[in-house]
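Only one structure is covered here, and it is reproduced in the block below.
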Amino acid sequence: MNKLFSAILSLLISMCIALPAFGENRTITDMAGRKVEIPEKVERVICSGPGCLRYLTYLQGQNMIVGVDSIEHRKTRFDARPYAIANPQFKDMPLIGEFRGHDNPELILGLEPQPQVIFKTYKDMGYDPDELQAKTGIPVVCLSYASLAAKRDTIYKSLQLMAEVIGKQERAKALCDFIEGHITDLKNRTATIPKDKRKTCYVGGIAQKGPHGFQSTEPAYPPFRFINAINVACPPEEKGKPLQHANVSKEQIVAWNPEIIFVDISTSQMGENAGAIYEIKTDPAYQSLDAVASGKVYTVLPYNWYSRNYGSIIADAYYAGKVLYPEKFKDIDPTAKAEAIYSFMVGTPVLDTMTQAFSVKGFEKLELN
């Protein structure tokens, strides 16, 4: 009886120690406007949804992760996610469910140690955050993922919110300042170029939940916006609208006849006999384009890979600026600039590792013969 009493007493004491004391919780308002009660000090988290673990890595909080979604376990020849390349340990971590927010409460409850907070991007994708919180008993904090060109404030607020939860406020400020400083630099370099001296351009082969061909583009392509380039896929009347992915007709591309063409190398995943590069080289309609005839076709890095990779967007902008306006970017080595951006944002240079699987490299003039 004494042994049984001692065992019960020890269990009760351990339970009391494990439970947070009164006043040790705090309430925050997440990006969905939800009031969420979280522990005063958060040391263990999981990230659900596209871009969520990228945010955490940007904030140098990846050591807090106790589980990952299935995208981190996927074995593929191609991967253009700098945050994941910089953190190969993610591949060996326990699963929390399927990618794109399709969480599994049972897997989450089976994690050891348990996360104190679940961060979730794209709240309408996959598991409902309120239901997930109810089923796991773990607070769910919703974040927003957005266009770097159109909704930077939303990105900054999400990073600042995540930083507040995990105690990384100084890093969040440095990160937001870093991003904003580069975008300001890009805009300033090209701001004085007269409109009649700005080159018209087009980018094809943009990835959207997988690789696409030359007709896949983005009217609001951020690198073009940051360098004040004229994107033929974005008519003047659409400039203020947050247009995202679009598939345009071949006839329209020919009618636009841009002076400079860029190709996202993610298209090379489609194989040697498909994708934007193959189409440019073999389709008579594209062969008639002035940019193709004069060899003014250049490659850029993939950026839309499990949502937007903001570092790659900025790196692509510097390269596009160097191509379009070399006199304004004569001090820039695009490869070195990209590695500096990745080193700051994800902790290590990843460019070579990221691009080695692709049949063509980023930041190159495309050989069309």
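Convention: chains lettered A, B, ... in structure tokens order; per-chain residue numbering from 1; ligands numbered from 1 as shown.
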DSSP strand (DSSP E) residues within region 62-220 of chain A, listed as a ChimeraX atom specification = /A:68-69,95-98,102-103,117-120,140-142,200-204,216-217
task = Any chance you could list, as a VMD selection string, the residues in region 64-287 of chain A that come up helix (DSSP H, G or I) when DSSP is run on the backbone?
result = chain A and resid 64 70 to 72 82 to 85 88 to 92 105 to 109 129 to 136 152 to 166 169 to 190 195 to 197 222 to 226 236 to 238 250 to 256 265 to 270 275 to 282 284 to 287
ask   = Hey, which of A:Phe226, A:Asp92, A:Pro82, A:Ser288 ends up closest to Ala338 (chain A)? Count only C-alpha atoms.
value =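 Using only C-alpha atoms, Ala338 (chain A) sits closest to A:Pro82.
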inquiry  = Between CA of Ala163 (chain A) and CA of Tyr58 (chain A), what is the distance in Å, rounded to a tenth?
reply    = 10.2 Å
key: Of the listed residues A:Lys195, A:Arg152, A:Arg77, A:Arg44, that which approaches Ile65 (chain A) most closely, counting only C-alpha atoms   =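 Comparing A:Lys195, A:Arg152, A:Arg77, A:Arg44 against Ile65 (chain A), the winner is A:Arg44.
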Pick from A:Asp30, A:Glu339, A:Glu279, A:Asp79, whichever lies nearest to Leu351 (chain A) using only C-alpha atoms =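 Using only C-alpha atoms, Leu351 (chain A) sits closest to A:Glu339.
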query = region 124-135 of chain A: which residues within 12 Å, counting only C-alpha atoms, same-chain residues fewer than 5 positions away excluded, as JSON, numbers by chain?
reply = {"A": [30, 31, 32, 34, 35, 36, 37, 38, 48, 49, 50, 69, 96, 97, 98, 99, 100, 101, 102, 103, 104, 105, 106, 107, 108, 109, 115, 116, 117, 118, 119, 140, 141, 142, 143, 144]}
request  = Might you pull out every residue within 8 Å of Ala276 (chain A), with only C-alpha atoms counted and same-chain residues fewer than 5 positions away left off, and present them as a ChimeraX atom specification?
outcome  = /A:204-205,212-215,263,267-268
inquiry  = Please report the interatomic distance between CA of Val360 (chain A) and CA of Leu186 (chain A) in Å with one decimal.
reply    =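 Atom-to-atom, CA of Val360 (chain A) and CA of Leu186 (chain A) are spaced 25.8 Å apart.
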